[in-house]
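Q: Quick one: structure below, then a few questions.
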Protein chains: 2
Amino acid sequence: MKHNFGAGPGILPQEVLKQAAEAVLNFNNSGLSILEISHRTADFESVVSEACSLVKELLNLNDDYAITFLHGGASTQFAMVPYNLLGEGETAAYLDSGTWASKAIKEAKFFGNVNVVASSKEANYTYIPKEYSIPTDAKYFHVTSNNTIYGTQLHEFPESPVPLVSDMSSDIFSRVFDANKFGLIYAGAQKNMGAAGVALAVVKKELLGKIERKIPAMFNYQLHIDNGSMYNTPPVFAIYVAMLTLRWVKEQGGVAAMEKINNKKAATLYAEIDRNPLFKGTCAVEDRSRMNVCFVMDNADIEKEFLDFAKKADIVGLKGHRSVGGFRASIYNALPQSSVDHLVSIMQQFEQLKK
Amino acid sequence: MKHNFGAGPGILPQEVLKQAAEAVLNFNNSGLSILEISHRTADFESVVSEACSLVKELLNLNDDYAITFLHGGASTQFAMVPYNLLGEGETAAYLDSGTWASKAIKEAKFFGNVNVVASSKEANYTYIPKEYSIPTDAKYFHVTSNNTIYGTQLHEFPESPVPLVSDMSSDIFSRVFDANKFGLIYAGAQKNMGAAGVALAVVKKELLGKIERKIPAMFNYQLHIDNGSMYNTPPVFAIYVAMLTLRWVKEQGGVAAMEKINNKKAATLYAEIDRNPLFKGTCAVEDRSRMNVCFVMDNADIEKEFLDFAKKADIVGLKGHRSVGGFRASIYNALPQSSVDHLVSIMQQFEQLKK
């Protein structure tokens, strides 16, 4: 068995993978593969409807919100958000907390003005900026809830005088938060919610239809919402895997239960990083992500050796992103505590080796 | 065994489904699912690279073309084509041969002027318009190669004085044509090329970078080409299934072999429609599609009865699109001659029943 610490596409629950594989051969005992059925069949319509209901239930959303599954990933949403919410000449506020935030900022500039309220770029994004004010005339304020690359996370969401928009690709369904405080939430599926090729958008309905710009069909939230995520042929299989994964989250006890498990995994791993003299964390302690744990070695010369040592112990996906170096252990929902315990034990064995 | 005549997502080869299901459990003996591996792994990079090579080989493309796999379906391409090729104030020419053409036209109007050179809308799109001239000052001329809904097909592509752009979603890899005559070819995967959630674009490189408009990253062909279809996390599984399907096409003998098989299937079915007094085709005979065979009954009152009769004989997906009514038998690459023979035999049994 592999211990999959990959940053994404990331680990999925074994039960989900088994059901997904079965559906590729024979979906719902139809004698057909889920890859070759019409999206207009009752069986698939019930998949989309169950996926949306599960999102609503797991995030405890009120009726002000529409839920839609869209082609593409969060990168598509970087453009769709301003396409739909930011009129020409208007200003949106963004918090620049990492690579993805900075890409979202770049896309927003195609559509209107961007006010970057704060940035930690000068410190290689090792912390979440906290001293800033949100302009009250901004159309929205955009934050990245978790920075997959740098391993930082917004543990508290800001109180915002304007609609709060968040890219939650790498920590949605991993912790409890008040989703009803947001204007728009989006997430690529391939970390905690399924396979690559689909994004979730949770949109406060009153925010749409307020700008002059005409929006091509595929980039128009309202159209996808009005068509129940079926304006065109949706990414059928990716939505099915998302539904299975959301079912699994519910069966585990929902987001609160996931949070408890995730907090324990993160605490276990950070404790070892802080204890083990060979390793050290790369981020401000108060902003450490509970999804992506970034760390390096004091002696960078033996990092490769440790990676090889870990690989021999069936640990995969541990190499850090090139912007940070060292290691990144992504401990998404589906990663069990036992894999974290195994990694810690490997770190301890390596410490003994080097004594 | 079901006989899957669904219009799309459509039938895929059984071998492809088996390999896809296996990869969902254990991709390339990695011990990991294809749904939970990084798209930056060597194993997946070789999938993308093989998929692109197969496209190049099967379409016999010369080096003037770039091949890229993109999120979304053909509907996304309806907007991406003019986003990238049609400057503000410039004009593109479109042939209006069906619902998809008309949707493509609608999207193009967001970006520039559209000259619809001909339309068969007044005849409910039962034929392909042939009398028209292509304006020499148009940026490109757009045609839909096969009309899934109405069952018509361009058997000859027009000689065009401007770059020819074609939506080939429902007949790519089903017949031989000279791809090197085109400026841009795109296709959603879910008919002859794989599962929903990915589109192929074949782009003549010299056409890009010629307009002033700034293009957001996810809608920019050049960026996706420059990044080898990995600007962001691609739809990993959908690309894998496309690669498997393209491999299968090659194993069958390539596009020429597929064409031969498809022509025989089409001939078999149209012969029965023309012979059987209960049935009649809905399109101009010379424009009949060899992918989507549309037909109705002289007596519409017994259409439901025939559908039920066919369903009991394990025939699925035969109901016609609401715009045409009656029946539509989609006979994509993966549908065997034996399924067509079975349908014909059911039509004949029904004829006997009604005597």
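Identifiers for the structure tokens are assigned positionally: chains receive A, B, ... in sequence, residues are indexed from 1 per chain, and ligands are indexed from 1 in the order shown.
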Select all residues from chain B having any atom no more than 7 Å from an atom of chain A (counting only C-alpha atoms, ignoring ligands), output as a PyMOL selection string.
A: chain B and resi 1-2+6+8-12+17-18+21-22+24-25+31+35-38+71-72+75-76+79+107+110+195-197+216+218+232-236
Q: With a distance cut-off of 10 Å and only C-alpha atoms, select the neighbouring residues of Val285 (chain A), excluding the residue or stretch itself and same-chain residues fewer than 6 positions from it, and output the selection as JSON, numbers by chain.
A: {"A": [126, 127, 152, 270]}
Q: What is the distance between CA of Gly209 (chain A) and CA of Tyr221 (chain A), in Å to one decimal?
A: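 Answer for the CA of Gly209 (chain A) to CA of Tyr221 (chain A) separation: 9.5 Å.
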Q: Excluding Val47 (chain A) and any residue of its chain fewer than 3 positions from it, enumerate the residues within 7 Å of it, using only C-alpha atoms, and give them as a list in words.
A: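 My list of contacting residues is Asp43, Phe44, Glu50, Ala51, Tyr240 and Met243 of chain A.
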Q: When DSSP works through the backbone of this structure, what residues of region 28-251 of chain B end up as helix (DSSP H, G or I), shown as a VMD selection string?
A: chain B and resid 28 to 29 34 to 36 42 to 58 74 to 85 99 to 108 121 to 123 179 to 181 205 to 207 217 to 219 221 to 226 236 to 251
Q: Quick one: DSSP strand (DSSP E or B) residues in region 30-213 of chain B, as an MDAnalysis selection string?
A: chainID B and resid 65:71 91:96 113:119 141:144 146:147 152:153 164:167 184:188 198:204
Q: Go ahead and save the residues from that selection, with N, CA and C atoms, as a CSV table (one decimal), in the first residue's frame.
A:
```
chain,number,residue,atom,x,y,z
B,65,TYR,N,0.9,22.3,-37.4
B,65,TYR,CA,-0.2,22.3,-36.4
B,65,TYR,C,0.3,22.0,-35.0
B,66,ALA,N,-0.4,22.6,-34.0
B,66,ALA,CA,-0.2,22.3,-32.6
B,66,ALA,C,-1.5,21.5,-32.2
B,67,ILE,N,-1.3,20.6,-31.2
B,67,ILE,CA,-2.4,19.7,-30.8
B,67,ILE,C,-2.5,20.0,-29.3
B,68,THR,N,-3.7,20.3,-28.8
B,68,THR,CA,-3.8,20.5,-27.4
B,68,THR,C,-5.2,20.0,-26.9
B,69,PHE,N,-5.1,19.5,-25.6
B,69,PHE,CA,-6.3,19.0,-25.0
B,69,PHE,C,-6.7,20.0,-23.9
B,70,LEU,N,-8.0,20.4,-23.9
B,70,LEU,CA,-8.5,21.5,-23.1
B,70,LEU,C,-9.7,21.0,-22.3
B,71,HIS,N,-9.8,21.7,-21.1
B,71,HIS,CA,-11.0,21.5,-20.3
B,71,HIS,C,-12.3,21.9,-21.1
B,91,THR,N,-14.8,40.3,-39.0
B,91,THR,CA,-15.9,39.5,-39.4
B,91,THR,C,-15.4,38.0,-39.6
B,92,ALA,N,-16.2,37.1,-39.1
B,92,ALA,CA,-16.0,35.7,-39.3
B,92,ALA,C,-17.2,35.2,-40.1
B,93,ALA,N,-17.0,34.2,-40.9
B,93,ALA,CA,-18.1,33.6,-41.7
B,93,ALA,C,-18.5,32.3,-41.1
B,94,TYR,N,-19.8,32.0,-41.0
B,94,TYR,CA,-20.3,30.8,-40.4
B,94,TYR,C,-21.3,30.2,-41.3
B,95,LEU,N,-21.3,28.8,-41.4
B,95,LEU,CA,-22.4,28.1,-42.1
B,95,LEU,C,-23.4,27.6,-41.0
B,96,ASP,N,-24.6,28.0,-41.1
B,96,ASP,CA,-25.6,27.6,-40.1
B,96,ASP,C,-26.3,26.3,-40.5
B,113,ASN,N,-17.9,40.5,-35.6
B,113,ASN,CA,-19.1,40.4,-36.5
B,113,ASN,C,-19.2,39.0,-37.1
B,114,VAL,N,-20.4,38.6,-37.4
B,114,VAL,CA,-20.6,37.3,-37.9
B,114,VAL,C,-21.4,37.4,-39.2
B,115,ASN,N,-20.9,36.8,-40.3
B,115,ASN,CA,-21.6,36.7,-41.5
B,115,ASN,C,-22.0,35.3,-41.7
B,116,VAL,N,-23.3,35.0,-41.6
B,116,VAL,CA,-23.9,33.7,-41.8
B,116,VAL,C,-24.1,33.5,-43.3
B,117,VAL,N,-23.2,32.7,-43.9
B,117,VAL,CA,-23.2,32.7,-45.4
B,117,VAL,C,-24.4,31.9,-45.9
B,118,ALA,N,-25.0,31.0,-45.2
B,118,ALA,CA,-26.1,30.2,-45.6
B,118,ALA,C,-26.7,29.5,-44.4
B,119,SER,N,-28.0,29.2,-44.4
B,119,SER,CA,-28.6,28.5,-43.3
B,119,SER,C,-29.7,27.6,-43.9
B,141,PHE,N,-13.7,30.7,-41.7
B,141,PHE,CA,-15.0,30.2,-42.1
B,141,PHE,C,-15.3,29.0,-41.3
B,142,HIS,N,-16.4,29.0,-40.5
B,142,HIS,CA,-16.7,28.0,-39.5
B,142,HIS,C,-17.8,27.0,-40.0
B,143,VAL,N,-17.5,25.7,-40.0
B,143,VAL,CA,-18.5,24.7,-40.3
B,143,VAL,C,-18.6,23.7,-39.3
B,144,THR,N,-19.8,23.1,-39.1
B,144,THR,CA,-20.0,21.9,-38.3
B,144,THR,C,-19.9,20.7,-39.2
B,146,ASN,N,-20.6,17.5,-38.7
B,146,ASN,CA,-21.6,16.6,-38.6
B,146,ASN,C,-22.7,17.1,-37.6
B,147,ASN,N,-23.9,17.1,-38.0
B,147,ASN,CA,-25.0,17.6,-37.1
B,147,ASN,C,-25.7,16.5,-36.3
B,152,THR,N,-27.3,15.2,-40.3
B,152,THR,CA,-26.7,15.6,-41.6
B,152,THR,C,-25.2,15.7,-41.4
B,153,GLN,N,-24.5,15.6,-42.5
B,153,GLN,CA,-23.0,15.6,-42.5
B,153,GLN,C,-22.5,16.2,-43.7
B,164,LEU,N,-10.2,27.6,-42.7
B,164,LEU,CA,-11.4,26.8,-42.4
B,164,LEU,C,-11.4,26.3,-41.0
B,165,VAL,N,-12.4,26.5,-40.2
B,165,VAL,CA,-12.5,26.1,-38.8
B,165,VAL,C,-13.7,25.1,-38.7
B,166,SER,N,-13.4,24.0,-38.1
B,166,SER,CA,-14.5,23.0,-38.0
B,166,SER,C,-14.7,22.4,-36.6
B,167,ASP,N,-16.0,22.4,-36.2
B,167,ASP,CA,-16.4,21.6,-35.0
B,167,ASP,C,-16.6,20.2,-35.6
B,184,LEU,N,-8.3,25.4,-38.0
B,184,LEU,CA,-8.5,24.9,-36.7
B,184,LEU,C,-9.6,23.9,-36.7
B,185,ILE,N,-9.3,22.8,-35.9
B,185,ILE,CA,-10.3,21.7,-35.8
B,185,ILE,C,-10.5,21.5,-34.3
B,186,TYR,N,-11.8,21.4,-33.8
B,186,TYR,CA,-12.0,21.1,-32.4
B,186,TYR,C,-13.1,20.1,-32.3
B,187,ALA,N,-13.0,19.4,-31.2
B,187,ALA,CA,-14.0,18.3,-30.9
B,187,ALA,C,-14.1,18.0,-29.4
B,188,GLY,N,-15.3,18.0,-28.9
B,188,GLY,CA,-15.6,17.4,-27.6
B,188,GLY,C,-15.3,15.9,-27.7
B,198,VAL,N,-13.4,16.8,-21.8
B,198,VAL,CA,-12.2,17.3,-22.4
B,198,VAL,C,-12.5,17.6,-23.9
B,199,ALA,N,-11.8,18.5,-24.5
B,199,ALA,CA,-11.9,18.8,-25.9
B,199,ALA,C,-10.5,18.8,-26.5
B,200,LEU,N,-10.5,18.4,-27.8
B,200,LEU,CA,-9.3,18.4,-28.6
B,200,LEU,C,-9.3,19.7,-29.4
B,201,ALA,N,-8.2,20.4,-29.5
B,201,ALA,CA,-8.1,21.4,-30.5
B,201,ALA,C,-6.8,21.2,-31.3
B,202,VAL,N,-6.9,21.2,-32.6
B,202,VAL,CA,-5.8,21.1,-33.6
B,202,VAL,C,-5.7,22.5,-34.2
B,203,VAL,N,-4.6,23.2,-34.0
B,203,VAL,CA,-4.6,24.6,-34.4
B,203,VAL,C,-3.4,24.8,-35.3
B,204,LYS,N,-3.6,25.4,-36.4
B,204,LYS,CA,-2.6,25.9,-37.3
B,204,LYS,C,-1.8,27.0,-36.6
```
